[in-house]
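A.B. asks: One structure is given below, represented as structure tokens, and several questions about it will come after.
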Amino acid sequence: MKKIFAIILAAVMALAALGCGGGSDKKSSSAPAPQTKTSSGTTAKASAAPQSLAGKKVLVAYFSWSGNTRAVAERIASETNGEIFEIVPATPYPSDYSETADQAKQEQSENARPAIAGDVADFASYDVVMLGFPIWWYREPMIIDTFLETHDFAGKTIVPFSTSGGSDIADAVSYIRSMAGGATVLDGINFTDRNNLDGLEDWLSASGLR
């Protein structure tokens with residue numbers, strides 16, 4: 001009886017361990033970490049925030065097609081005393097949503113780098129770059145990749161934020177990390193409503209910016 005009981009106990013413990021591990025052998029250390037939700041958005045957990053970014057020079061750089069990301073960027077600039085820079089495409093996207101969605105999908109499939117009109121003055125002087133964008137096809141628009149490849153982010157801290165009605169920011173944060181060599185990329189946050197930015201101040205505090 002004792003031997004049978006020991007076998008049953010070992011089987012139960014093995015099943016419990018498998019459940020804690022997620023039950024999948026496809027996961028790896030490169031997989032996105034779990035998500036935590038706020039009332040208005042989703043934060044992608046990744047690297048730990050520094051002790052403080054207070055007193056650092058902040059740039060709020062953003063791309064906005066509909067105006068939603070612009071509204072969030074302006075609020076973040078106000079909260080952080082950051083300088084604001086709009087990432088404007090040299091060739092504007094169509095005003096029609098469906099046409100823009102089709103173009104965005106094509107750019108992603110071609111790994112395109114849409115040109116940007118204008119540039120940030122004295123980019124090297126900024127310590128922190130708050131990087132904003134809408135989520136297009138589950139990741140950042142390709143014009144954001146243009147911006148990342150145009151500048152040297154070594155030694156800087158990137159703090160991503162996005163707007164989307166359905167997708168979260170996790171995949172975009174992973175892409176940004178892979179492209180911004182030498183930068184520290186903090187947790188990102190996605191907002192589903194430009195008029196409801198609950199969680200913004202807590203996120204800024206967690207990121208060391210308040």
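To be explicit about the labels: the chains of the structure tokens are called A, B, and onward in the order shown, and within each one the residues are counted from 1, while ligands get numbers from 1 in the order they are shown.
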Out of range 64-196 of chain A, which residues get helix (DSSP H, G or I) from DSSP, as a ChimeraX atom specification?

C.D. replies: /A:68-80,97-109,123-125,142-150,170-179

A.B. asks: Show which residues sit within 7 Å of range 93-105 of chain A, as a PyMOL selection string. Count only C-alpha atoms, and ignore same-chain residues fewer than 4 positions away.

C.D. replies: chain A and resi 109+136-137+141

A.B. asks: What are the closest atom pairs, with distances in Å to one decimal, for all residues of range 42-148 of chain A lying within 8 Å of range 158-169 of chain A? Consider only C-alpha atoms, order rows by chain and residue number, and present the result as a Markdown table.

C.D. replies:
```
| residue | atom | partner | partner_atom | distance |
| --- | --- | --- | --- | --- |
| A:Thr42 | CA | A:Asp168 | CA | 6.1 |
| A:Thr43 | CA | A:Ile169 | CA | 7.2 |
| A:Ala44 | CA | A:Ile169 | CA | 6.3 |
| A:Asn68 | CA | A:Thr163 | CA | 6.8 |
| A:Thr69 | CA | A:Thr163 | CA | 5.9 |
| A:Val128 | CA | A:Ile158 | CA | 5.9 |
| A:Val129 | CA | A:Ile158 | CA | 4.8 |
| A:Met130 | CA | A:Val159 | CA | 4.7 |
| A:Leu131 | CA | A:Pro160 | CA | 4.6 |
| A:Gly132 | CA | A:Phe161 | CA | 4.8 |
| A:Phe133 | CA | A:Ser162 | CA | 4.9 |
| A:Pro134 | CA | A:Thr163 | CA | 4.7 |
| A:Ile135 | CA | A:Ser164 | CA | 5.6 |
| A:Tyr138 | CA | A:Ser167 | CA | 6.0 |
| A:Arg139 | CA | A:Ile169 | CA | 7.0 |
```

A.B. asks: Would you mind exporting the chosen residues as a compact mmCIF listing (two decimals), in the first residue's frame, restricted to C-alpha atoms?

C.D. replies:
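Saved the output as out.txt:
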```
# COMPACT_ATOMS: atom_id res chain seq x y z
CA THR A 42 -2.45 46.81 -21.28
CA THR A 43 1.14 46.98 -20.11
CA ALA A 44 3.71 44.65 -21.64
CA ASN A 68 -5.59 59.15 -31.06
CA THR A 69 -1.87 58.67 -30.47
CA VAL A 128 14.68 59.32 -22.60
CA VAL A 129 12.55 58.74 -25.71
CA MET A 130 8.85 58.16 -25.14
CA LEU A 131 7.88 56.43 -28.40
CA GLY A 132 4.21 56.41 -29.42
CA PHE A 133 2.28 54.79 -32.26
CA PRO A 134 -0.95 53.00 -33.18
CA ILE A 135 -0.86 49.20 -33.37
CA TYR A 138 -0.27 43.50 -34.16
CA ARG A 139 2.90 45.62 -34.15
```

A.B. asks: Measuring atom to atom with only C-alpha atoms, identify which of A:Ala121, A:Ala206, A:Ala172, A:Ala115 is nearest to Leu59 in chain A.

C.D. replies: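 Looking at the shortest contact to Leu59 in chain A, the residue is A:Ala121.
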
A.B. asks: Among range 55-154 of chain A, which ones does DSSP place in strand (DSSP E), written as a VMD selection string?

C.D. replies: chain A and resid 58 to 62 83 to 86 88 to 89 116 to 117 128 to 134

A.B. asks: Any chance you could export the current selection's C-alpha atoms as a PDB file, in the first residue's frame?

C.D. replies:
```pdb
ATOM      1  CA  VAL A  58      12.703  63.624 -22.353  1.00  0.00           C
ATOM      2  CA  LEU A  59      11.627  63.457 -25.992  1.00  0.00           C
ATOM      3  CA  VAL A  60       8.068  62.392 -26.782  1.00  0.00           C
ATOM      4  CA  ALA A  61       8.231  61.122 -30.373  1.00  0.00           C
ATOM      5  CA  TYR A  62       5.058  59.763 -31.922  1.00  0.00           C
ATOM      6  CA  GLU A  83       9.759  67.978 -25.867  1.00  0.00           C
ATOM      7  CA  ILE A  84       7.349  66.676 -28.493  1.00  0.00           C
ATOM      8  CA  PHE A  85       8.169  65.515 -32.019  1.00  0.00           C
ATOM      9  CA  GLU A  86       5.655  64.169 -34.519  1.00  0.00           C
ATOM     10  CA  VAL A  88       5.360  62.580 -40.135  1.00  0.00           C
ATOM     11  CA  PRO A  89       5.563  60.388 -43.250  1.00  0.00           C
ATOM     12  CA  ILE A 116      10.050  60.566 -42.568  1.00  0.00           C
ATOM     13  CA  ALA A 117       9.586  64.263 -43.280  1.00  0.00           C
ATOM     14  CA  VAL A 128      14.681  59.316 -22.605  1.00  0.00           C
ATOM     15  CA  VAL A 129      12.547  58.745 -25.712  1.00  0.00           C
ATOM     16  CA  MET A 130       8.848  58.163 -25.141  1.00  0.00           C
ATOM     17  CA  LEU A 131       7.879  56.434 -28.403  1.00  0.00           C
ATOM     18  CA  GLY A 132       4.206  56.412 -29.420  1.00  0.00           C
ATOM     19  CA  PHE A 133       2.278  54.794 -32.263  1.00  0.00           C
ATOM     20  CA  PRO A 134      -0.951  52.995 -33.180  1.00  0.00           C
TER      21      PRO A 134
END
```

A.B. asks: Between CA of Glu74 in chain A and CA of His151 in chain A, what is the distance in Å, rounded to a tenth?

C.D. replies: 22.2 Å

A.B. asks: For Gly55 in chain A, which residue out of A:Gly82, A:Gly181, A:Gly155, A:Gly67 is the nearest one, using only C-alpha atoms?

C.D. replies: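 The answer is A:Gly82, which sits nearest to Gly55 in chain A.
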
A.B. asks: Rounded to one decimal place, report the CA of Phe191 in chain A-CA of Thr157 in chain A distance in Å.

C.D. replies: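 If I compute the distance from CA of Phe191 in chain A to CA of Thr157 in chain A, I get 20.7 Å.
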
A.B. asks: As an exercise, work out the distance from CA of Ile76 in chain A to CA of Ala183 in chain A in Å and give it to one decimal place.

C.D. replies: 20.4 Å
